[in-house]
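Report on the structure given below.
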Amino acid sequence: MPREFSLFALEDAHFNNRTSMEILDTVIVGAGILGLACAYQMSRAGHKVIVLEQHNAIGTETSARSSEVIHAGLYYPTDSLKARACVNGKSILYQFCQEYAVPHKQLGKLVVATDKAQLAQLRDLKNQGDTNNADGLRLLSASEARSMEPELQCAGAIYSPTTGIIDSHSLMLALEGAMEARGGEIILASKVARIEISSGTCQLVMEDGYKLKTCNLIVAAGLHTSSLVGTINSEVIKREIPTTYFAKGSYFTQSSKVPFSHLIYPLPESAGLGIHLTLDLAGGARFGPDVEWVESINYQVDPSKLNTFYDNIRRYWPGISKNTLRPGYAGIRSKIVRRGHPAGDFQIYHKSLSDKSQLVAFFGIESPGLTSSLYLGEVIVKMIF
């Protein structure tokens, strides 16, 4: 299990008979799904890994506030990192879940056109998914879709058989355990205040004043990556990194059982995948997320959104009863494009500081970040080697 103590004790607890300023092998900032996936892949490659997490538990921000969906790879532009990472990451993730007994189900998904005017867009999306090798996609007529989901209203649908759901917390615990079995460690309540580059290595200055150096620094801090990398004492690096923008998404949960056995998605919107229905492993249902551009981190769900949610849901499920939705939770997407711009790709920033020292940082890792995490970890291993 991760340990919680001041990094002033790091030398005695982890590096007996060594000086506190010895250069460590690999430090990863952020113990969400992406940081843990990178730690797992780096430890598999033989690196000694330490993960620093500012909170008192792993995965409490973006990783705990998603739809918990394993995506197939339909939506993303051809040859984009998102497309490659999603399709390849899906296979790696399903294999990991089997090996480490992570609870998951390959339920399948229906992406629906709610009226005939959307059928051309539906066909285009199916073609994009085929180009991305999303696996097994089928165009369905309205009657074929209703034969799978009788309560569904649509003019047509795409059936995606490889889409699934996962227990994200169990995934993080499995990644943590596998990494620790190879000698890695997570240290909680350890916030990095700033990063300094000196003599070709990265030095991390912690909030409590402790300092440590590392050959390889991987910043997977989600919403905080831009601000943290922006503390580096290099104007070149500061100019090269993108700005992060926040898009909040709220979820409402369904108080009664829903008559669906697949995930139900409308056609995607400009900044998200629309207010969709996802199921959890316990059989519960939730709807969301919407898109609300915000300036700061705030996870409160606004109850006044309720009518908008009902209106969107009734387009594909007209039988939803009134007074069955309850405010659930909210998450925040990390975006590297402003409101009104086309969706951005994942971005991996890589800077070689010396022959033996590398800086890597992730930007804009929104959906399908969970699905892509283990593949992105493999990419980092190749970068650093």
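How things are named: the first chain in the structure tokens is A, the next is B, and so on; residues count from 1 in each chain; ligands count from 1 in the order shown.
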
### Task
Quick one: everything within 10 Å of range 176-193 of chain A, counting only C-alpha atoms, minus sequence neighbours fewer than 5 positions away in the same chain. Send it as a ChimeraX atom specification.
/A:1-7,10,14,26-31,33,35-58,100,170-171,204-211,228,231

Export, as a compact mmCIF listing (two decimals), in the first residue's frame, the selected residues with N, CA and C atoms.
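This is the output file result.txt:
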```
# COMPACT_ATOMS: atom_id res chain seq x y z
N MET A 1 0.83 -1.19 0.00
CA MET A 1 0.00 0.00 0.00
C MET A 1 0.87 1.25 0.00
N PRO A 2 0.37 2.36 -0.57
CA PRO A 2 1.17 3.58 -0.55
C PRO A 2 1.37 4.08 0.86
N ARG A 3 2.48 4.78 1.06
CA ARG A 3 2.80 5.28 2.38
C ARG A 3 2.63 6.78 2.43
N GLU A 4 2.26 7.28 3.60
CA GLU A 4 2.04 8.70 3.79
C GLU A 4 2.96 9.21 4.88
N PHE A 5 3.93 10.03 4.51
CA PHE A 5 4.80 10.66 5.47
C PHE A 5 5.55 11.77 4.78
N SER A 6 6.17 12.63 5.56
CA SER A 6 6.92 13.73 4.98
C SER A 6 8.11 13.21 4.20
N LEU A 7 8.39 13.86 3.09
CA LEU A 7 9.55 13.45 2.30
C LEU A 7 10.87 13.77 2.99
N LEU A 10 12.40 10.54 3.57
CA LEU A 10 12.59 9.68 2.42
C LEU A 10 13.91 8.93 2.49
N HIS A 14 13.68 4.87 2.61
CA HIS A 14 13.83 4.20 1.33
C HIS A 14 15.26 4.04 0.86
N THR A 26 13.67 7.02 -11.59
CA THR A 26 12.45 7.54 -12.22
C THR A 26 11.47 8.01 -11.16
N VAL A 27 11.02 9.25 -11.30
CA VAL A 27 9.97 9.79 -10.44
C VAL A 27 8.78 10.15 -11.32
N ILE A 28 7.61 9.71 -10.90
CA ILE A 28 6.36 10.03 -11.60
C ILE A 28 5.51 10.88 -10.67
N VAL A 29 5.05 12.01 -11.17
CA VAL A 29 4.20 12.89 -10.39
C VAL A 29 2.75 12.64 -10.80
N GLY A 30 1.96 12.14 -9.86
CA GLY A 30 0.55 11.87 -10.11
C GLY A 30 0.23 10.39 -10.03
N ALA A 31 -0.64 10.01 -9.10
CA ALA A 31 -1.01 8.60 -8.92
C ALA A 31 -2.46 8.38 -9.35
N ILE A 33 -4.79 7.05 -12.86
CA ILE A 33 -4.65 5.87 -13.73
C ILE A 33 -3.45 6.01 -14.66
N GLY A 35 -0.65 7.94 -14.38
CA GLY A 35 0.61 7.86 -13.65
C GLY A 35 0.92 6.45 -13.19
N LEU A 36 -0.09 5.74 -12.71
CA LEU A 36 0.12 4.37 -12.26
C LEU A 36 0.42 3.43 -13.43
N ALA A 37 -0.24 3.66 -14.57
CA ALA A 37 0.04 2.85 -15.75
C ALA A 37 1.48 3.06 -16.22
N CYS A 38 1.95 4.30 -16.20
CA CYS A 38 3.34 4.58 -16.55
C CYS A 38 4.29 3.93 -15.56
N ALA A 39 3.94 4.00 -14.26
CA ALA A 39 4.79 3.38 -13.24
C ALA A 39 4.87 1.88 -13.45
N TYR A 40 3.75 1.27 -13.78
CA TYR A 40 3.72 -0.18 -14.04
C TYR A 40 4.60 -0.53 -15.24
N GLN A 41 4.44 0.20 -16.32
CA GLN A 41 5.21 -0.12 -17.53
C GLN A 41 6.70 0.17 -17.33
N MET A 42 7.02 1.26 -16.63
CA MET A 42 8.43 1.56 -16.38
C MET A 42 9.06 0.51 -15.46
N SER A 43 8.33 0.06 -14.46
CA SER A 43 8.87 -0.96 -13.56
C SER A 43 9.05 -2.28 -14.29
N ARG A 44 8.14 -2.61 -15.20
CA ARG A 44 8.30 -3.82 -16.01
C ARG A 44 9.57 -3.75 -16.86
N ALA A 45 9.92 -2.54 -17.28
CA ALA A 45 11.11 -2.35 -18.11
C ALA A 45 12.40 -2.29 -17.28
N GLY A 46 12.29 -2.45 -15.98
CA GLY A 46 13.47 -2.52 -15.14
C GLY A 46 13.83 -1.25 -14.40
N HIS A 47 12.99 -0.23 -14.46
CA HIS A 47 13.28 1.02 -13.77
C HIS A 47 12.82 0.95 -12.32
N LYS A 48 13.56 1.60 -11.45
CA LYS A 48 13.15 1.80 -10.07
C LYS A 48 12.29 3.05 -10.02
N VAL A 49 11.02 2.89 -9.65
CA VAL A 49 10.04 3.95 -9.79
C VAL A 49 9.51 4.41 -8.44
N ILE A 50 9.45 5.72 -8.28
CA ILE A 50 8.75 6.32 -7.14
C ILE A 50 7.65 7.22 -7.70
N VAL A 51 6.43 7.06 -7.18
CA VAL A 51 5.29 7.88 -7.59
C VAL A 51 4.95 8.83 -6.45
N LEU A 52 4.88 10.11 -6.76
CA LEU A 52 4.51 11.13 -5.78
C LEU A 52 3.08 11.58 -6.03
N GLU A 53 2.26 11.54 -4.99
CA GLU A 53 0.85 11.93 -5.11
C GLU A 53 0.54 12.99 -4.06
N GLN A 54 -0.03 14.12 -4.51
CA GLN A 54 -0.28 15.22 -3.58
C GLN A 54 -1.41 14.94 -2.60
N HIS A 55 -2.34 14.08 -2.96
CA HIS A 55 -3.49 13.79 -2.09
C HIS A 55 -3.18 12.62 -1.16
N ASN A 56 -4.14 12.31 -0.30
CA ASN A 56 -3.95 11.25 0.69
C ASN A 56 -4.37 9.87 0.19
N ALA A 57 -4.74 9.79 -1.08
CA ALA A 57 -5.14 8.52 -1.67
C ALA A 57 -4.85 8.58 -3.17
N ILE A 58 -4.77 7.43 -3.81
CA ILE A 58 -4.53 7.39 -5.24
C ILE A 58 -5.82 7.72 -6.00
N TYR A 100 -4.95 -9.72 -14.03
CA TYR A 100 -4.96 -9.26 -12.64
C TYR A 100 -6.35 -9.25 -12.02
N SER A 170 -10.46 -0.51 -8.82
CA SER A 170 -9.79 -1.81 -8.81
C SER A 170 -8.63 -1.83 -9.80
N LEU A 171 -8.80 -1.17 -10.94
CA LEU A 171 -7.71 -1.07 -11.90
C LEU A 171 -6.51 -0.37 -11.28
N LEU A 204 13.22 18.17 -7.88
CA LEU A 204 11.87 18.49 -7.42
C LEU A 204 11.96 19.11 -6.04
N VAL A 205 11.34 20.25 -5.90
CA VAL A 205 11.25 20.92 -4.60
C VAL A 205 9.85 20.69 -4.08
N MET A 206 9.76 19.97 -2.96
CA MET A 206 8.46 19.61 -2.43
C MET A 206 7.86 20.75 -1.62
N GLU A 207 6.59 20.67 -1.39
CA GLU A 207 5.89 21.72 -0.64
C GLU A 207 6.44 21.85 0.77
N ASP A 208 6.93 20.74 1.35
CA ASP A 208 7.47 20.79 2.70
C ASP A 208 8.95 21.16 2.72
N GLY A 209 9.53 21.49 1.54
CA GLY A 209 10.91 21.93 1.49
C GLY A 209 11.90 20.86 1.10
N TYR A 210 11.50 19.59 1.13
CA TYR A 210 12.41 18.53 0.75
C TYR A 210 12.75 18.63 -0.74
N LYS A 211 13.98 18.22 -1.09
CA LYS A 211 14.41 18.25 -2.48
C LYS A 211 14.91 16.87 -2.89
N LEU A 228 2.33 22.91 -13.11
CA LEU A 228 3.55 22.37 -12.49
C LEU A 228 4.74 22.48 -13.44
N THR A 231 6.45 25.79 -13.70
CA THR A 231 7.37 26.27 -12.66
C THR A 231 8.83 26.02 -13.00
```

Running DSSP on the backbone, which parts of range 125-293 of chain A land in strand (DSSP E or B), as a PDB file with N, CA and C atoms, in the first residue's frame?
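Printed below is result_23.pdb as written:
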```
ATOM      1  N   ARG A 138     -20.917  -2.399 -36.557  1.00  0.00           N
ATOM      2  CA  ARG A 138     -22.020  -2.707 -37.466  1.00  0.00           C
ATOM      3  C   ARG A 138     -23.015  -1.561 -37.487  1.00  0.00           C
ATOM      4  N   LEU A 139     -23.459  -1.199 -38.689  1.00  0.00           N
ATOM      5  CA  LEU A 139     -24.551  -0.248 -38.822  1.00  0.00           C
ATOM      6  C   LEU A 139     -25.869  -0.992 -38.669  1.00  0.00           C
ATOM      7  N   LEU A 140     -26.748  -0.455 -37.829  1.00  0.00           N
ATOM      8  CA  LEU A 140     -28.036  -1.083 -37.566  1.00  0.00           C
ATOM      9  C   LEU A 140     -29.168  -0.174 -38.022  1.00  0.00           C
ATOM     10  N   SER A 141     -30.205  -0.771 -38.561  1.00  0.00           N
ATOM     11  CA  SER A 141     -31.433  -0.015 -38.809  1.00  0.00           C
ATOM     12  C   SER A 141     -32.134   0.244 -37.481  1.00  0.00           C
ATOM     13  N   GLY A 156     -31.415   4.895 -36.403  1.00  0.00           N
ATOM     14  CA  GLY A 156     -30.338   3.993 -36.777  1.00  0.00           C
ATOM     15  C   GLY A 156     -29.278   4.019 -35.693  1.00  0.00           C
ATOM     16  N   ALA A 157     -28.349   3.096 -35.755  1.00  0.00           N
ATOM     17  CA  ALA A 157     -27.334   3.013 -34.700  1.00  0.00           C
ATOM     18  C   ALA A 157     -26.080   2.324 -35.216  1.00  0.00           C
ATOM     19  N   ILE A 158     -24.976   2.550 -34.515  1.00  0.00           N
ATOM     20  CA  ILE A 158     -23.751   1.775 -34.683  1.00  0.00           C
ATOM     21  C   ILE A 158     -23.635   0.854 -33.475  1.00  0.00           C
ATOM     22  N   TYR A 159     -23.405  -0.414 -33.734  1.00  0.00           N
ATOM     23  CA  TYR A 159     -23.142  -1.346 -32.649  1.00  0.00           C
ATOM     24  C   TYR A 159     -21.641  -1.548 -32.529  1.00  0.00           C
ATOM     25  N   SER A 160     -21.111  -1.282 -31.331  1.00  0.00           N
ATOM     26  CA  SER A 160     -19.685  -1.442 -31.051  1.00  0.00           C
ATOM     27  C   SER A 160     -19.525  -2.557 -30.028  1.00  0.00           C
ATOM     28  N   GLY A 164     -16.611  -1.584 -23.365  1.00  0.00           N
ATOM     29  CA  GLY A 164     -16.885  -2.227 -22.084  1.00  0.00           C
ATOM     30  C   GLY A 164     -16.897  -1.249 -20.934  1.00  0.00           C
ATOM     31  N   ILE A 165     -17.077  -1.784 -19.741  1.00  0.00           N
ATOM     32  CA  ILE A 165     -17.019  -0.996 -18.513  1.00  0.00           C
ATOM     33  C   ILE A 165     -16.023  -1.641 -17.567  1.00  0.00           C
ATOM     34  N   ILE A 166     -15.517  -0.849 -16.626  1.00  0.00           N
ATOM     35  CA  ILE A 166     -14.454  -1.314 -15.741  1.00  0.00           C
ATOM     36  C   ILE A 166     -14.594  -0.649 -14.385  1.00  0.00           C
ATOM     37  N   GLU A 185       7.288   2.278  -5.595  1.00  0.00           N
ATOM     38  CA  GLU A 185       6.569   2.739  -4.399  1.00  0.00           C
ATOM     39  C   GLU A 185       5.822   4.033  -4.677  1.00  0.00           C
ATOM     40  N   ILE A 186       4.691   4.175  -4.003  1.00  0.00           N
ATOM     41  CA  ILE A 186       3.900   5.399  -4.045  1.00  0.00           C
ATOM     42  C   ILE A 186       4.024   6.101  -2.707  1.00  0.00           C
ATOM     43  N   ILE A 187       4.248   7.402  -2.741  1.00  0.00           N
ATOM     44  CA  ILE A 187       4.309   8.198  -1.513  1.00  0.00           C
ATOM     45  C   ILE A 187       3.191   9.236  -1.586  1.00  0.00           C
ATOM     46  N   LEU A 188       2.258   9.135  -0.660  1.00  0.00           N
ATOM     47  CA  LEU A 188       1.101  10.015  -0.639  1.00  0.00           C
ATOM     48  C   LEU A 188       1.406  11.320   0.081  1.00  0.00           C
ATOM     49  N   VAL A 192       4.501  18.407  -5.114  1.00  0.00           N
ATOM     50  CA  VAL A 192       5.653  19.074  -5.706  1.00  0.00           C
ATOM     51  C   VAL A 192       5.325  20.558  -5.882  1.00  0.00           C
ATOM     52  N   ALA A 193       6.162  21.416  -5.299  1.00  0.00           N
ATOM     53  CA  ALA A 193       5.937  22.862  -5.403  1.00  0.00           C
ATOM     54  C   ALA A 193       6.501  23.430  -6.701  1.00  0.00           C
ATOM     55  N   ARG A 194       7.673  22.955  -7.094  1.00  0.00           N
ATOM     56  CA  ARG A 194       8.274  23.434  -8.340  1.00  0.00           C
ATOM     57  C   ARG A 194       9.328  22.447  -8.825  1.00  0.00           C
ATOM     58  N   ILE A 195       9.718  22.629 -10.071  1.00  0.00           N
ATOM     59  CA  ILE A 195      10.725  21.771 -10.698  1.00  0.00           C
ATOM     60  C   ILE A 195      11.882  22.650 -11.147  1.00  0.00           C
ATOM     61  N   GLU A 196      13.092  22.225 -10.851  1.00  0.00           N
ATOM     62  CA  GLU A 196      14.284  22.958 -11.260  1.00  0.00           C
ATOM     63  C   GLU A 196      15.165  22.045 -12.104  1.00  0.00           C
ATOM     64  N   ILE A 197      15.702  22.577 -13.175  1.00  0.00           N
ATOM     65  CA  ILE A 197      16.647  21.832 -14.005  1.00  0.00           C
ATOM     66  C   ILE A 197      18.042  22.360 -13.712  1.00  0.00           C
ATOM     67  N   SER A 198      18.931  21.446 -13.331  1.00  0.00           N
ATOM     68  CA  SER A 198      20.286  21.839 -12.977  1.00  0.00           C
ATOM     69  C   SER A 198      21.243  20.725 -13.364  1.00  0.00           C
ATOM     70  N   THR A 201      19.814  17.479 -14.934  1.00  0.00           N
ATOM     71  CA  THR A 201      18.867  16.627 -14.222  1.00  0.00           C
ATOM     72  C   THR A 201      17.728  17.479 -13.680  1.00  0.00           C
ATOM     73  N   CYS A 202      16.635  16.798 -13.319  1.00  0.00           N
ATOM     74  CA  CYS A 202      15.486  17.478 -12.714  1.00  0.00           C
ATOM     75  C   CYS A 202      15.567  17.382 -11.200  1.00  0.00           C
ATOM     76  N   GLN A 203      15.382  18.504 -10.544  1.00  0.00           N
ATOM     77  CA  GLN A 203      15.275  18.537  -9.097  1.00  0.00           C
ATOM     78  C   GLN A 203      13.859  18.960  -8.731  1.00  0.00           C
ATOM     79  N   LEU A 204      13.217  18.174  -7.884  1.00  0.00           N
ATOM     80  CA  LEU A 204      11.874  18.491  -7.424  1.00  0.00           C
ATOM     81  C   LEU A 204      11.962  19.113  -6.040  1.00  0.00           C
ATOM     82  N   VAL A 205      11.336  20.251  -5.898  1.00  0.00           N
ATOM     83  CA  VAL A 205      11.249  20.922  -4.605  1.00  0.00           C
ATOM     84  C   VAL A 205       9.846  20.691  -4.085  1.00  0.00           C
ATOM     85  N   MET A 206       9.761  19.972  -2.961  1.00  0.00           N
ATOM     86  CA  MET A 206       8.462  19.607  -2.429  1.00  0.00           C
ATOM     87  C   MET A 206       7.861  20.750  -1.618  1.00  0.00           C
ATOM     88  N   LYS A 211      13.978  18.225  -1.091  1.00  0.00           N
ATOM     89  CA  LYS A 211      14.409  18.250  -2.483  1.00  0.00           C
ATOM     90  C   LYS A 211      14.906  16.869  -2.885  1.00  0.00           C
ATOM     91  N   LEU A 212      14.608  16.476  -4.114  1.00  0.00           N
ATOM     92  CA  LEU A 212      15.161  15.243  -4.636  1.00  0.00           C
ATOM     93  C   LEU A 212      15.410  15.377  -6.122  1.00  0.00           C
ATOM     94  N   LYS A 213      16.409  14.644  -6.596  1.00  0.00           N
ATOM     95  CA  LYS A 213      16.782  14.677  -8.002  1.00  0.00           C
ATOM     96  C   LYS A 213      16.449  13.344  -8.662  1.00  0.00           C
ATOM     97  N   THR A 214      16.149  13.406  -9.943  1.00  0.00           N
ATOM     98  CA  THR A 214      15.826  12.193 -10.673  1.00  0.00           C
ATOM     99  C   THR A 214      16.367  12.270 -12.088  1.00  0.00           C
ATOM    100  N   CYS A 215      16.750  11.110 -12.622  1.00  0.00           N
ATOM    101  CA  CYS A 215      17.158  11.055 -14.029  1.00  0.00           C
ATOM    102  C   CYS A 215      15.955  11.232 -14.938  1.00  0.00           C
ATOM    103  N   ASN A 216      14.887  10.499 -14.644  1.00  0.00           N
ATOM    104  CA  ASN A 216      13.694  10.519 -15.476  1.00  0.00           C
ATOM    105  C   ASN A 216      12.524  11.079 -14.680  1.00  0.00           C
ATOM    106  N   LEU A 217      11.951  12.159 -15.165  1.00  0.00           N
ATOM    107  CA  LEU A 217      10.782  12.755 -14.524  1.00  0.00           C
ATOM    108  C   LEU A 217       9.604  12.651 -15.481  1.00  0.00           C
ATOM    109  N   ILE A 218       8.532  12.038 -15.012  1.00  0.00           N
ATOM    110  CA  ILE A 218       7.301  11.896 -15.787  1.00  0.00           C
ATOM    111  C   ILE A 218       6.193  12.618 -15.036  1.00  0.00           C
ATOM    112  N   VAL A 219       5.641  13.648 -15.654  1.00  0.00           N
ATOM    113  CA  VAL A 219       4.585  14.430 -15.014  1.00  0.00           C
ATOM    114  C   VAL A 219       3.240  13.982 -15.599  1.00  0.00           C
ATOM    115  N   TYR A 245      -7.033  23.915 -20.350  1.00  0.00           N
ATOM    116  CA  TYR A 245      -8.362  24.486 -20.115  1.00  0.00           C
ATOM    117  C   TYR A 245      -9.243  23.424 -19.473  1.00  0.00           C
ATOM    118  N   PHE A 246     -10.194  23.869 -18.672  1.00  0.00           N
ATOM    119  CA  PHE A 246     -11.032  22.952 -17.905  1.00  0.00           C
ATOM    120  C   PHE A 246     -12.440  22.880 -18.482  1.00  0.00           C
ATOM    121  N   ALA A 247     -12.899  21.666 -18.776  1.00  0.00           N
ATOM    122  CA  ALA A 247     -14.282  21.434 -19.209  1.00  0.00           C
ATOM    123  C   ALA A 247     -14.932  20.484 -18.206  1.00  0.00           C
ATOM    124  N   LYS A 248     -15.846  21.008 -17.446  1.00  0.00           N
ATOM    125  CA  LYS A 248     -16.509  20.235 -16.400  1.00  0.00           C
ATOM    126  C   LYS A 248     -17.645  19.410 -16.983  1.00  0.00           C
ATOM    127  N   GLY A 249     -17.798  18.203 -16.489  1.00  0.00           N
ATOM    128  CA  GLY A 249     -18.899  17.350 -16.911  1.00  0.00           C
ATOM    129  C   GLY A 249     -19.624  16.783 -15.709  1.00  0.00           C
ATOM    130  N   SER A 250     -20.925  16.977 -15.657  1.00  0.00           N
ATOM    131  CA  SER A 250     -21.736  16.489 -14.539  1.00  0.00           C
ATOM    132  C   SER A 250     -22.480  15.221 -14.924  1.00  0.00           C
ATOM    133  N   TYR A 251     -22.721  14.385 -13.924  1.00  0.00           N
ATOM    134  CA  TYR A 251     -23.469  13.142 -14.094  1.00  0.00           C
ATOM    135  C   TYR A 251     -24.676  13.142 -13.156  1.00  0.00           C
ATOM    136  N   PHE A 252     -25.766  12.558 -13.650  1.00  0.00           N
ATOM    137  CA  PHE A 252     -26.926  12.282 -12.813  1.00  0.00           C
ATOM    138  C   PHE A 252     -27.142  10.774 -12.789  1.00  0.00           C
ATOM    139  N   THR A 253     -27.482  10.250 -11.630  1.00  0.00           N
ATOM    140  CA  THR A 253     -27.701   8.817 -11.488  1.00  0.00           C
ATOM    141  C   THR A 253     -29.192   8.506 -11.532  1.00  0.00           C
ATOM    142  N   GLN A 254     -29.502   7.313 -11.988  1.00  0.00           N
ATOM    143  CA  GLN A 254     -30.884   6.860 -12.120  1.00  0.00           C
ATOM    144  C   GLN A 254     -31.278   6.081 -10.868  1.00  0.00           C
ATOM    145  N   LEU A 263     -24.466   0.045 -23.335  1.00  0.00           N
ATOM    146  CA  LEU A 263     -24.286   1.479 -23.177  1.00  0.00           C
ATOM    147  C   LEU A 263     -24.968   2.173 -24.352  1.00  0.00           C
ATOM    148  N   ILE A 264     -25.590   3.318 -24.088  1.00  0.00           N
ATOM    149  CA  ILE A 264     -26.302   4.066 -25.129  1.00  0.00           C
ATOM    150  C   ILE A 264     -25.688   5.453 -25.235  1.00  0.00           C
ATOM    151  N   TYR A 265     -25.195   5.781 -26.439  1.00  0.00           N
ATOM    152  CA  TYR A 265     -24.548   7.069 -26.680  1.00  0.00           C
ATOM    153  C   TYR A 265     -25.270   7.797 -27.811  1.00  0.00           C
ATOM    154  N   PRO A 266     -25.524   9.083 -27.661  1.00  0.00           N
ATOM    155  CA  PRO A 266     -25.934   9.879 -28.825  1.00  0.00           C
ATOM    156  C   PRO A 266     -24.717  10.129 -29.713  1.00  0.00           C
ATOM    157  N   HIS A 276     -24.692  10.530 -22.314  1.00  0.00           N
ATOM    158  CA  HIS A 276     -24.928   9.132 -22.627  1.00  0.00           C
ATOM    159  C   HIS A 276     -25.292   8.329 -21.390  1.00  0.00           C
ATOM    160  N   LEU A 277     -25.793   7.137 -21.633  1.00  0.00           N
ATOM    161  CA  LEU A 277     -26.137   6.200 -20.573  1.00  0.00           C
ATOM    162  C   LEU A 277     -25.002   5.201 -20.416  1.00  0.00           C
ATOM    163  N   THR A 278     -24.448   5.126 -19.216  1.00  0.00           N
ATOM    164  CA  THR A 278     -23.484   4.078 -18.910  1.00  0.00           C
ATOM    165  C   THR A 278     -23.987   3.277 -17.729  1.00  0.00           C
ATOM    166  N   LEU A 279     -23.632   2.023 -17.715  1.00  0.00           N
ATOM    167  CA  LEU A 279     -23.987   1.107 -16.642  1.00  0.00           C
ATOM    168  C   LEU A 279     -22.749   0.821 -15.812  1.00  0.00           C
ATOM    169  N   ALA A 285     -27.171   2.768 -13.134  1.00  0.00           N
ATOM    170  CA  ALA A 285     -27.080   3.552 -14.372  1.00  0.00           C
ATOM    171  C   ALA A 285     -26.818   5.011 -14.045  1.00  0.00           C
ATOM    172  N   ARG A 286     -26.088   5.666 -14.926  1.00  0.00           N
ATOM    173  CA  ARG A 286     -25.828   7.091 -14.787  1.00  0.00           C
ATOM    174  C   ARG A 286     -25.850   7.723 -16.165  1.00  0.00           C
ATOM    175  N   PHE A 287     -26.160   8.999 -16.187  1.00  0.00           N
ATOM    176  CA  PHE A 287     -26.226   9.754 -17.434  1.00  0.00           C
ATOM    177  C   PHE A 287     -25.273  10.936 -17.348  1.00  0.00           C
ATOM    178  N   GLY A 288     -24.560  11.180 -18.435  1.00  0.00           N
ATOM    179  CA  GLY A 288     -23.627  12.284 -18.494  1.00  0.00           C
ATOM    180  C   GLY A 288     -22.415  11.868 -19.317  1.00  0.00           C
ATOM    181  N   GLU A 292     -19.334  21.887 -19.549  1.00  0.00           N
ATOM    182  CA  GLU A 292     -19.396  23.241 -18.985  1.00  0.00           C
ATOM    183  C   GLU A 292     -17.967  23.747 -18.820  1.00  0.00           C
ATOM    184  N   TRP A 293     -17.594  24.749 -19.583  1.00  0.00           N
ATOM    185  CA  TRP A 293     -16.243  25.287 -19.485  1.00  0.00           C
ATOM    186  C   TRP A 293     -16.125  26.115 -18.211  1.00  0.00           C
TER     187      TRP A 293
END
```

### Gln106 in chain A surroundings by only C-alpha atoms, 12 Å radius, close-in-sequence under 5 positions cut, as a VMD selection string
chain A and resid 69 to 72 90 to 91 93 to 94 97 to 98 160 to 166 261 to 263 279 to 281

#### Entry: Residue nearest Phe363 in chain A - candidates A:Gly283, A:Pro77, A:Gly89, A:Gly344, atoms counted: only C-alpha atoms
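Result for the nearest residue to Phe363 in chain A: A:Gly344.
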
### Query
Separation of CA of Lys335 in chain A and CA of Thr244 in chain A, in Å?
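CA of Thr244 in chain A lies 5.5 Å from CA of Lys335 in chain A.
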
### Task
Write down as a PyMOL selection string the residues belonging to range 69-260 of chain A that are assigned alpha helix (DSSP H) by DSSP computed on the backbone.
chain A and resi 81-100+119-131+142-148+168-180+225-229+235-240

#### Entry: Closest of A:Ala83, A:Val236, A:Leu152, A:Leu122 to Pro268 in chain A - atom-to-atom distances counting only C-alpha atoms
A:Leu122

### Task
For His350 in chain A, please output as a list in words all residues within 10 Å (counting only C-alpha atoms; exclusion window: fewer than 6 positions along the same chain).
Ile218, Gln358, Leu359, Val360, Ala361, Phe362, Ile380, Met383 and Ile384 of chain A

Take the residues just selected and output them with C-alpha atoms as a PDB file, in the first residue's frame.
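Wrote selection.pdb, looks like this:
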```
ATOM      1  CA  ILE A 218       7.301  11.896 -15.787  1.00  0.00           C
ATOM      2  CA  GLN A 358      14.594  12.779 -19.626  1.00  0.00           C
ATOM      3  CA  LEU A 359      11.576  14.979 -18.923  1.00  0.00           C
ATOM      4  CA  VAL A 360       8.148  13.757 -20.053  1.00  0.00           C
ATOM      5  CA  ALA A 361       4.782  15.412 -19.432  1.00  0.00           C
ATOM      6  CA  PHE A 362       1.244  14.557 -20.537  1.00  0.00           C
ATOM      7  CA  ILE A 380       6.977   6.438 -22.484  1.00  0.00           C
ATOM      8  CA  MET A 383      10.905   7.323 -25.339  1.00  0.00           C
ATOM      9  CA  ILE A 384      13.119   6.968 -22.304  1.00  0.00           C
TER      10      ILE A 384
END
```

#### Entry: Residue nearest Val301 in chain A - candidates A:Val111, A:Ile320, A:Ala330, A:Leu81, atoms counted: only C-alpha atoms
A:Ala330
